[in-house]
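A.B. asks: See target29.pdb below, with PDB, C-alpha atoms.
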MODEL        1
ATOM      1  CA  MET A   1     116.207  92.085 105.040
ATOM      2  CA  TRP A   2     113.988  89.522 103.421
ATOM      3  CA  SER A   3     113.213  85.884 103.920
ATOM      4  CA  TYR A   4     111.989  83.566 101.173
ATOM      5  CA  GLU A   5     108.984  81.265 101.308
ATOM      6  CA  LYS A   6     109.232  78.372  98.881
ATOM      7  CA  ARG A   7     105.734  78.667  97.418
ATOM      8  CA  LEU A   8     103.782  81.083  95.243
ATOM      9  CA  GLN A   9     101.321  83.566  96.704
ATOM     10  CA  PHE A  10      98.636  82.068  94.436
ATOM     11  CA  PRO A  11      98.897  78.742  92.554
ATOM     12  CA  VAL A  12     100.078  78.725  88.927
ATOM     13  CA  ASN A  13      99.744  75.392  87.103
ATOM     14  CA  ILE A  14      99.622  75.937  83.347
ATOM     15  CA  LYS A  15      99.446  72.849  81.143
ATOM     16  CA  GLU A  16      99.265  74.319  77.617
ATOM     17  CA  PRO A  17     102.209  76.353  76.284
ATOM     18  CA  ASN A  18     101.235  79.584  74.544
ATOM     19  CA  ALA A  19     104.064  81.779  73.274
ATOM     20  CA  LYS A  20     101.775  84.544  72.058
ATOM     21  CA  LEU A  21     100.262  84.978  75.485
ATOM     22  CA  ALA A  22     103.687  84.801  77.158
ATOM     23  CA  GLN A  23     104.877  87.726  75.010
ATOM     24  CA  VAL A  24     101.968  89.815  76.238
ATOM     25  CA  ILE A  25     102.081  88.804  79.912
ATOM     26  CA  ILE A  26     105.849  89.440  80.130
ATOM     27  CA  SER A  27     104.923  93.140  80.191
ATOM     28  CA  GLN A  28     103.793  92.635  83.786
ATOM     29  CA  TYR A  29     107.297  91.321  84.543
ATOM     30  CA  GLY A  30     109.413  94.110  83.075
ATOM     31  CA  GLY A  31     107.025  96.492  81.313
ATOM     32  CA  PRO A  32     106.087 100.096  82.156
ATOM     33  CA  ASP A  33     103.367  99.104  84.666
ATOM     34  CA  GLY A  34     104.795  95.727  85.651
ATOM     35  CA  GLU A  35     105.616  94.129  88.976
ATOM     36  CA  MET A  36     109.346  94.843  88.793
ATOM     37  CA  GLY A  37     108.644  98.566  88.620
ATOM     38  CA  ALA A  38     105.974  98.215  91.300
ATOM     39  CA  SER A  39     108.205  96.475  93.840
ATOM     40  CA  MET A  40     111.199  98.756  93.158
ATOM     41  CA  ARG A  41     109.008 101.874  93.348
ATOM     42  CA  TYR A  42     107.592 101.176  96.823
ATOM     43  CA  LEU A  43     110.765  99.702  98.249
ATOM     44  CA  SER A  44     112.703 102.766  97.049
ATOM     45  CA  GLN A  45     110.129 105.405  97.988
ATOM     46  CA  ARG A  46     110.072 104.309 101.636
ATOM     47  CA  TYR A  47     113.450 105.872 102.533
ATOM     48  CA  SER A  48     112.156 109.413 102.117
ATOM     49  CA  MET A  49     108.844 108.697 103.857
ATOM     50  CA  PRO A  50     109.078 110.321 107.284
ATOM     51  CA  PHE A  51     105.931 108.705 108.744
ATOM     52  CA  LYS A  52     106.713 105.209 109.913
ATOM     53  CA  GLU A  53     103.236 103.739 109.457
ATOM     54  CA  VAL A  54     103.299 104.793 105.789
ATOM     55  CA  ALA A  55     106.912 103.667 105.283
ATOM     56  CA  GLY A  56     105.845 100.322 106.796
ATOM     57  CA  LEU A  57     102.977 100.036 104.316
ATOM     58  CA  LEU A  58     105.340 100.793 101.404
ATOM     59  CA  THR A  59     107.593  97.988 102.655
ATOM     60  CA  ASP A  60     104.739  95.509 103.015
ATOM     61  CA  ILE A  61     103.153  96.267  99.642
ATOM     62  CA  GLY A  62     106.607  96.312  97.984
ATOM     63  CA  THR A  63     107.261  92.894  99.501
ATOM     64  CA  GLU A  64     103.937  91.528  98.223
ATOM     65  CA  GLU A  65     104.853  92.875  94.763
ATOM     66  CA  LEU A  66     108.022  90.755  94.818
ATOM     67  CA  GLY A  67     105.710  87.771  95.250
ATOM     68  CA  HIS A  68     103.642  89.009  92.290
ATOM     69  CA  LEU A  69     106.824  89.386  90.234
ATOM     70  CA  GLU A  70     107.517  85.720  90.952
ATOM     71  CA  MET A  71     103.960  84.757  89.927
ATOM     72  CA  VAL A  72     104.210  86.630  86.612
ATOM     73  CA  ALA A  73     107.614  85.060  85.903
ATOM     74  CA  THR A  74     106.107  81.656  86.682
ATOM     75  CA  ILE A  75     103.241  82.254  84.244
ATOM     76  CA  VAL A  76     105.703  83.275  81.495
ATOM     77  CA  HIS A  77     107.967  80.310  82.301
ATOM     78  CA  GLN A  78     105.118  77.784  82.250
ATOM     79  CA  LEU A  79     103.698  79.234  79.011
ATOM     80  CA  THR A  80     107.061  78.813  77.268
ATOM     81  CA  ARG A  81     108.792  75.796  78.894
ATOM     82  CA  ASP A  82     107.439  73.133  76.504
ATOM     83  CA  LEU A  83     107.526  75.088  73.244
ATOM     84  CA  SER A  84     108.637  73.298  70.096
ATOM     85  CA  MET A  85     110.924  74.983  67.566
ATOM     86  CA  GLU A  86     107.995  75.070  65.160
ATOM     87  CA  GLU A  87     105.745  76.872  67.675
ATOM     88  CA  ILE A  88     108.506  79.381  68.406
ATOM     89  CA  GLU A  89     108.749  80.233  64.720
ATOM     90  CA  LYS A  90     104.982  80.342  64.111
ATOM     91  CA  SER A  91     104.017  82.380  67.189
ATOM     92  CA  GLY A  92     106.372  85.306  66.622
ATOM     93  CA  PHE A  93     108.468  84.267  69.633
ATOM     94  CA  ALA A  94     111.670  83.977  67.578
ATOM     95  CA  ASN A  95     112.764  87.579  68.281
ATOM     96  CA  TYR A  96     112.696  86.958  72.035
ATOM     97  CA  TYR A  97     114.090  83.431  71.687
ATOM     98  CA  VAL A  98     117.176  84.550  69.812
ATOM     99  CA  ASP A  99     118.342  86.677  72.770
ATOM    100  CA  HIS A 100     116.959  84.772  75.763
ATOM    101  CA  THR A 101     116.034  81.246  74.549
ATOM    102  CA  ILE A 102     113.154  80.486  76.954
ATOM    103  CA  GLY A 103     114.662  82.272  79.952
ATOM    104  CA  VAL A 104     112.599  84.963  81.693
ATOM    105  CA  TRP A 105     114.005  88.472  81.157
ATOM    106  CA  PRO A 106     112.371  91.790  82.156
ATOM    107  CA  GLN A 107     110.988  93.536  79.113
ATOM    108  CA  ALA A 108     107.715  95.093  77.959
ATOM    109  CA  ALA A 109     105.399  93.305  75.520
ATOM    110  CA  GLY A 110     106.821  95.508  72.758
ATOM    111  CA  GLY A 111     110.388  94.362  73.532
ATOM    112  CA  VAL A 112     111.561  97.485  75.413
ATOM    113  CA  PRO A 113     113.868  96.410  78.276
ATOM    114  CA  PHE A 114     113.026  97.211  81.890
ATOM    115  CA  ASN A 115     114.275 100.629  82.890
ATOM    116  CA  ALA A 116     114.195 102.437  86.252
ATOM    117  CA  CYS A 117     112.460 105.307  84.415
ATOM    118  CA  GLU A 118     109.282 103.170  84.564
ATOM    119  CA  PHE A 119     108.898 104.497  88.106
ATOM    120  CA  GLN A 120     109.747 107.549  90.107
ATOM    121  CA  VAL A 121     111.045 108.387  93.571
ATOM    122  CA  LYS A 122     110.531 112.114  93.962
ATOM    123  CA  GLY A 123     111.417 112.301  97.638
ATOM    124  CA  ASP A 124     108.204 114.244  98.257
ATOM    125  CA  ILE A 125     105.597 112.235 100.114
ATOM    126  CA  ILE A 126     102.464 113.621  98.422
ATOM    127  CA  THR A 127     104.001 113.238  94.964
ATOM    128  CA  ASP A 128     105.264 109.733  95.711
ATOM    129  CA  LEU A 129     101.974 108.487  97.149
ATOM    130  CA  HIS A 130     100.062 109.806  94.141
ATOM    131  CA  GLU A 131     102.577 108.039  91.891
ATOM    132  CA  SER A 132     101.986 104.822  93.849
ATOM    133  CA  MET A 133      98.201 105.114  93.582
ATOM    134  CA  ALA A 134      98.428 105.801  89.845
ATOM    135  CA  ALA A 135     100.752 102.806  89.449
ATOM    136  CA  GLU A 136      98.179 100.475  90.994
ATOM    137  CA  GLN A 137      95.516 101.686  88.561
ATOM    138  CA  LYS A 138      97.874 101.393  85.587
ATOM    139  CA  ALA A 139      98.695  97.811  86.557
ATOM    140  CA  ARG A 140      94.980  97.080  87.026
ATOM    141  CA  SER A 141      94.261  98.382  83.486
ATOM    142  CA  THR A 142      97.080  96.227  82.097
ATOM    143  CA  TYR A 143      95.623  93.128  83.785
ATOM    144  CA  ASP A 144      92.192  94.066  82.362
ATOM    145  CA  ASN A 145      93.758  94.224  78.889
ATOM    146  CA  ILE A 146      95.534  90.898  79.434
ATOM    147  CA  LEU A 147      92.298  89.244  80.622
ATOM    148  CA  ARG A 148      90.590  90.162  77.340
ATOM    149  CA  LEU A 149      93.274  88.170  75.517
ATOM    150  CA  ILE A 150      93.123  84.995  77.647
ATOM    151  CA  LYS A 151      90.989  81.931  76.967
ATOM    152  CA  ASP A 152      92.885  79.435  79.161
ATOM    153  CA  PRO A 153      91.443  79.272  82.736
ATOM    154  CA  ASP A 154      94.848  78.108  84.054
ATOM    155  CA  VAL A 155      96.236  81.541  83.078
ATOM    156  CA  CYS A 156      93.090  83.504  83.816
ATOM    157  CA  GLU A 157      92.813  82.631  87.529
ATOM    158  CA  PRO A 158      96.236  83.892  88.685
ATOM    159  CA  ILE A 159      95.859  87.032  86.516
ATOM    160  CA  LYS A 160      92.459  87.727  88.117
ATOM    161  CA  PHE A 161      94.074  87.353  91.540
ATOM    162  CA  LEU A 162      96.828  89.836  90.618
ATOM    163  CA  ARG A 163      94.264  92.297  89.264
ATOM    164  CA  ALA A 164      92.276  92.149  92.508
ATOM    165  CA  ARG A 165      95.395  92.888  94.552
ATOM    166  CA  GLU A 166      96.000  96.106  92.570
ATOM    167  CA  ILE A 167      92.617  97.357  93.740
ATOM    168  CA  VAL A 168      93.342  96.525  97.388
ATOM    169  CA  HIS A 169      96.755  98.219  97.202
ATOM    170  CA  TYR A 170      95.174 101.310  95.649
ATOM    171  CA  GLN A 171      92.750 101.460  98.585
ATOM    172  CA  ARG A 172      95.576 101.103 101.140
ATOM    173  CA  PHE A 173      97.710 103.780  99.448
ATOM    174  CA  GLY A 174      94.684 106.107  99.488
ATOM    175  CA  GLU A 175      94.462 105.575 103.249
ATOM    176  CA  ALA A 176      98.214 106.145 103.531
ATOM    177  CA  LEU A 177      97.844 109.476 101.726
ATOM    178  CA  ARG A 178      95.151 110.472 104.221
ATOM    179  CA  ILE A 179      97.420 109.451 107.129
ATOM    180  CA  ALA A 180     100.291 111.466 105.627
ATOM    181  CA  GLN A 181      98.042 114.502 105.171
ATOM    182  CA  ASP A 182      96.836 114.185 108.783
ATOM    183  CA  HIS A 183     100.447 114.862 109.771
ATOM    184  CA  LEU A 184     100.576 117.999 107.602
ATOM    185  CA  ASN A 185      99.134 121.482 107.798
ATOM    186  CA  SER A 186      95.513 121.117 106.656
ATOM    187  CA  ARG A 187      95.465 124.699 105.348
ATOM    188  CA  ASN A 188      98.301 123.945 102.961
ATOM    189  CA  PHE A 189      99.531 120.381 102.485
ATOM    190  CA  TYR A 190     102.271 121.710 100.219
ATOM    191  CA  ALA A 191     103.669 124.268 102.672
ATOM    192  CA  PHE A 192     106.782 122.156 103.104
ATOM    193  CA  ASN A 193     108.119 118.693 102.351
ATOM    194  CA  PRO A 194     108.501 116.821 105.658
ATOM    195  CA  GLY A 195     110.866 114.410 103.910
ATOM    196  CA  PHE A 196     113.304 117.278 103.272
ATOM    197  CA  ASP A 197     112.551 120.673 104.794
ATOM    198  CA  ARG A 198     113.595 121.430 108.323
ATOM    199  CA  CYS A 199     111.769 124.419 109.710
ATOM    200  CA  ASP A 200     110.781 125.022 113.319
ATOM    201  CA  SER A 201     107.591 126.883 112.474
ATOM    202  CA  CYS A 202     106.245 124.036 110.317
ATOM    203  CA  GLU A 203     103.629 121.802 111.883
ATOM    204  CA  THR A 204     104.654 118.170 111.942
TER     205      THR A 204
ATOM    206  CA  MET B   1      94.163  67.089  95.233
ATOM    207  CA  ASN B   2      96.377  64.825  97.389
ATOM    208  CA  SER B   3      97.034  65.602 101.036
ATOM    209  CA  GLU B   4     100.306  67.437 100.274
ATOM    210  CA  GLU B   5      98.577  69.713  97.775
ATOM    211  CA  LYS B   6      95.625  70.208 100.109
ATOM    212  CA  MET B   7      97.886  71.239 102.985
ATOM    213  CA  LEU B   8      99.838  73.643 100.769
ATOM    214  CA  HIS B   9      96.573  75.087  99.478
ATOM    215  CA  ASP B  10      95.394  75.691 103.078
ATOM    216  CA  ILE B  11      98.728  77.331 104.002
ATOM    217  CA  GLY B  12      98.272  79.613 100.988
ATOM    218  CA  ILE B  13      94.818  80.609 102.192
ATOM    219  CA  ALA B  14      95.994  81.300 105.756
ATOM    220  CA  ASP B  15      98.940  83.309 104.465
ATOM    221  CA  PHE B  16      96.722  85.322 102.157
ATOM    222  CA  VAL B  17      94.461  86.230 105.087
ATOM    223  CA  LEU B  18      97.570  87.370 106.995
ATOM    224  CA  THR B  19      98.918  89.421 104.077
ATOM    225  CA  ASP B  20      95.627  91.173 103.450
ATOM    226  CA  LEU B  21      95.046  91.838 107.161
ATOM    227  CA  MET B  22      98.607  93.096 107.587
ATOM    228  CA  LEU B  23      98.045  95.780 104.942
ATOM    229  CA  TYR B  24      94.674  96.653 106.475
ATOM    230  CA  LEU B  25      96.183  96.917 109.954
ATOM    231  CA  ASP B  26      99.017  99.075 108.617
ATOM    232  CA  THR B  27      96.413 101.776 107.964
ATOM    233  CA  HIS B  28      93.936 100.772 110.742
ATOM    234  CA  PRO B  29      96.340 100.024 113.624
ATOM    235  CA  THR B  30      93.681 100.168 116.364
ATOM    236  CA  ASP B  31      91.104  97.762 114.899
ATOM    237  CA  ARG B  32      90.974  95.092 117.613
ATOM    238  CA  ASN B  33      88.685  92.727 115.705
ATOM    239  CA  ALA B  34      91.135  92.691 112.802
ATOM    240  CA  MET B  35      93.993  92.018 115.234
ATOM    241  CA  GLU B  36      92.152  89.079 116.782
ATOM    242  CA  TYR B  37      91.516  87.693 113.326
ATOM    243  CA  PHE B  38      95.178  88.207 112.454
ATOM    244  CA  ASN B  39      96.397  86.454 115.613
ATOM    245  CA  HIS B  40      94.091  83.507 114.982
ATOM    246  CA  TYR B  41      95.327  82.960 111.427
ATOM    247  CA  ALA B  42      98.965  83.548 112.404
ATOM    248  CA  ARG B  43      98.721  80.648 114.863
ATOM    249  CA  ILE B  44      97.028  78.417 112.285
ATOM    250  CA  LYS B  45      99.612  79.211 109.613
ATOM    251  CA  THR B  46     102.599  78.551 111.888
ATOM    252  CA  GLN B  47     101.126  75.227 112.965
ATOM    253  CA  MET B  48     100.364  74.139 109.383
ATOM    254  CA  GLU B  49     103.840  75.139 108.147
ATOM    255  CA  ARG B  50     105.502  73.069 110.864
ATOM    256  CA  GLU B  51     103.353  70.078 110.043
ATOM    257  CA  PHE B  52     103.961  70.482 106.298
ATOM    258  CA  SER B  53     107.698  70.720 106.883
ATOM    259  CA  ARG B  54     107.675  67.528 108.974
ATOM    260  CA  GLU B  55     105.622  65.586 106.410
ATOM    261  CA  TYR B  56     106.989  66.935 103.116
ATOM    262  CA  TYR B  57     109.581  69.718 102.837
ATOM    263  CA  PRO B  58     110.437  73.038 104.513
ATOM    264  CA  LEU B  59     108.800  76.202 103.128
ATOM    265  CA  ARG B  60     111.145  78.510 105.067
ATOM    266  CA  LYS B  61     114.790  78.175 106.035
ATOM    267  CA  ASP B  62     114.023  78.195 109.758
ATOM    268  CA  LEU B  63     111.964  75.031 109.200
ATOM    269  CA  ALA B  64     114.758  73.339 107.243
ATOM    270  CA  GLU B  65     116.492  71.341 109.999
ATOM    271  CA  SER B  66     118.162  68.421 108.241
ATOM    272  CA  ASN B  67     120.114  65.261 109.086
ATOM    273  CA  LYS B  68     121.034  63.030 106.162
ATOM    274  CA  GLU B  69     120.030  65.225 103.272
ATOM    275  CA  TRP B  70     119.773  69.033 102.895
ATOM    276  CA  ARG B  71     115.992  69.341 102.836
ATOM    277  CA  TRP B  72     115.773  73.018 101.799
ATOM    278  CA  GLY B  73     117.830  72.562  98.648
ATOM    279  CA  ASN B  74     115.886  69.463  97.649
ATOM    280  CA  ALA B  75     112.452  71.051  98.004
ATOM    281  CA  PRO B  76     110.425  71.462  94.769
ATOM    282  CA  LEU B  77     110.609  74.794  92.946
ATOM    283  CA  PRO B  78     107.533  77.055  93.099
ATOM    284  CA  TRP B  79     107.735  78.084  89.426
ATOM    285  CA  GLU B  80     107.615  74.466  88.289
ATOM    286  CA  GLY B  81     104.188  74.101  89.835
ATOM    287  CA  GLY B  82     105.569  71.948  92.631
ATOM    288  CA  CYS B  83     104.906  74.238  95.548
ATOM    289  CA  ASN B  84     101.517  75.757  95.155
TER     290      ASN B  84
ENDMDL
END
What's the structure tokens form of this structure?

C.D. replies:
Amino acid sequence: MWSYEKRLQFPVNIKEPNAKLAQVIISQYGGPDGEMGASMRYLSQRYSMPFKEVAGLLTDIGTEELGHLEMVATIVHQLTRDLSMEEIEKSGFANYYVDHTIGVWPQAAGGVPFNACEFQVKGDIITDLHESMAAEQKARSTYDNILRLIKDPDVCEPIKFLRAREIVHYQRFGEALRIAQDHLNSRNFYAFNPGFDRCDSCET
Amino acid sequence: MNSEEKMLHDIGIADFVLTDLMLYLDTHPTDRNAMEYFNHYARIKTQMEREFSREYYPLRKDLAESNKEWRWGNAPLPWEGGCN
């Protein structure tokens, strides 16, 4: 289960609305490499992870990603909460506004709605951990791209924080992969899938 | 920064240390220095949260004991910039 803390993981206090930036940053809410996919990926992958230290890490990183999801939503909300009708029309925000007003809804910057196909649960620990590591790098690249578009320091600081966390998570997942491989047959890591195969002769 | 903001800022720092150390300890479960560091910050965070809850509002439901008014429901919302 989960318990909620009524604060953000890192402060977000944006004073200037900016609908253009909100339309870009929303990709980290519901886009292909966003925090919704990140949290759902790790929290779903953990059920087929037979090694408890790695399943624990997936839970803890997945939980932190829920906090990042809240930060990204907060950034989008604060960038759009004081928009005038004129700004909505001028900034190209009208297409989003017509369906969601200024509510926060998971979609990519290009308007594609969030879809579970943004992430995978293969049920194979080596495949899933590589997917998780790749996901952290994809999110890091997205934050790099976002940072090139930002001038406002109020938006820049929380995005820089989120970017740094992707790098730490990548490091931890790399260690998790090593831990998982330490449990496997070093002559052939792919000899069997410990999350599925049951064979007495397999080393566990 | 007023004293409420300062205290919340410090809680955020302590919690960040705990989060980062938790992930590190997940993959380095025998690092005793890291555990000592973790224990130290865990104590600090718990103490600061209790104090913050007494002075201002509860950050977690188990700190939300209320008498006249439901304190949890009346706490500021994080996404409005109130709680960070």

A.B. asks: Selection in question (the file shown): the ChimeraX specification (/A :<9) & /B. Which residues does it include, as a PyMOL selection string?

C.D. replies: chain B and resi 8-9+12-13+15-16+19-20+22-24+26-29+58-61+72+75-84

A.B. asks: Just C-alpha atoms for this one: save the residues we selected as a PDB file, in the coordinates of the input.

C.D. replies:
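Contents of selection-v3.pdb, as written:
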ATOM      1  CA  LEU B   8      99.838  73.643 100.769  1.00  0.00           C
ATOM      2  CA  HIS B   9      96.573  75.087  99.478  1.00  0.00           C
ATOM      3  CA  GLY B  12      98.272  79.613 100.988  1.00  0.00           C
ATOM      4  CA  ILE B  13      94.818  80.609 102.192  1.00  0.00           C
ATOM      5  CA  ASP B  15      98.940  83.309 104.465  1.00  0.00           C
ATOM      6  CA  PHE B  16      96.722  85.322 102.157  1.00  0.00           C
ATOM      7  CA  THR B  19      98.918  89.421 104.077  1.00  0.00           C
ATOM      8  CA  ASP B  20      95.627  91.173 103.450  1.00  0.00           C
ATOM      9  CA  MET B  22      98.607  93.096 107.587  1.00  0.00           C
ATOM     10  CA  LEU B  23      98.045  95.780 104.942  1.00  0.00           C
ATOM     11  CA  TYR B  24      94.674  96.653 106.475  1.00  0.00           C
ATOM     12  CA  ASP B  26      99.017  99.075 108.617  1.00  0.00           C
ATOM     13  CA  THR B  27      96.413 101.776 107.964  1.00  0.00           C
ATOM     14  CA  HIS B  28      93.936 100.772 110.742  1.00  0.00           C
ATOM     15  CA  PRO B  29      96.340 100.024 113.624  1.00  0.00           C
ATOM     16  CA  PRO B  58     110.437  73.038 104.513  1.00  0.00           C
ATOM     17  CA  LEU B  59     108.800  76.202 103.128  1.00  0.00           C
ATOM     18  CA  ARG B  60     111.145  78.510 105.067  1.00  0.00           C
ATOM     19  CA  LYS B  61     114.790  78.175 106.035  1.00  0.00           C
ATOM     20  CA  TRP B  72     115.773  73.018 101.799  1.00  0.00           C
ATOM     21  CA  ALA B  75     112.452  71.051  98.004  1.00  0.00           C
ATOM     22  CA  PRO B  76     110.425  71.462  94.769  1.00  0.00           C
ATOM     23  CA  LEU B  77     110.609  74.794  92.946  1.00  0.00           C
ATOM     24  CA  PRO B  78     107.533  77.055  93.099  1.00  0.00           C
ATOM     25  CA  TRP B  79     107.735  78.084  89.426  1.00  0.00           C
ATOM     26  CA  GLU B  80     107.615  74.466  88.289  1.00  0.00           C
ATOM     27  CA  GLY B  81     104.188  74.101  89.835  1.00  0.00           C
ATOM     28  CA  GLY B  82     105.569  71.948  92.631  1.00  0.00           C
ATOM     29  CA  CYS B  83     104.906  74.238  95.548  1.00  0.00           C
ATOM     30  CA  ASN B  84     101.517  75.757  95.155  1.00  0.00           C
TER      31      ASN B  84
END

A.B. asks: Pick from B:Ala34, B:Met7, B:Ala14, B:Ala64: nearest to Glu51 of chain B, with only C-alpha atoms counted?

C.D. replies: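 Looking at the shortest contact to Glu51 of chain B, the residue is B:Met7.
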
A.B. asks: How far is it from atom CA of Glu4 of chain B to atom CA of Arg163 of chain A, in Å with one decimal?

C.D. replies: 27.9 Å

A.B. asks: Just the residues within 9 Å of Tyr41 of chain B, please, counting all atoms listed in the file, with nothing from its chain fewer than 3 positions along; format it as a ChimeraX atom specification.

C.D. replies: /B:14-15,17-18,36-38,44-46

A.B. asks: Would you compute an axis-aligned box for segment 36-43 of chain B, covering every atom listed for it in the file with 6 Å of margin on each side, and report centre and edge lengths in Å to one decimal as JSON?

C.D. replies:
{"center_x": 95.2, "center_y": 84.9, "center_z": 114.1, "size_x": 19.4, "size_y": 20.4, "size_z": 17.4}

A.B. asks: If you apply the PyMOL selection byres ((chain A and resi 132) around 8) to this file, what residues do you get, as a PyMOL selection string?

C.D. replies: chain A and resi 41-42+128-131+133-136+170+173

A.B. asks: Work out how far atom CA of Pro158 of chain A is from atom CA of Cys117 of chain A, in Å to one decimal.

C.D. replies: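 Interatomic distance here is 27.2 Å.
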
A.B. asks: Skip Gly195 of chain A itself and residues of its chain fewer than 3 positions away, then list as a VMD selection string all residues within 12 Å of it, counting only C-alpha atoms.

C.D. replies: chain A and resid 45 to 52 55 121 to 128 180 183 to 184 190 192 198 to 199 204
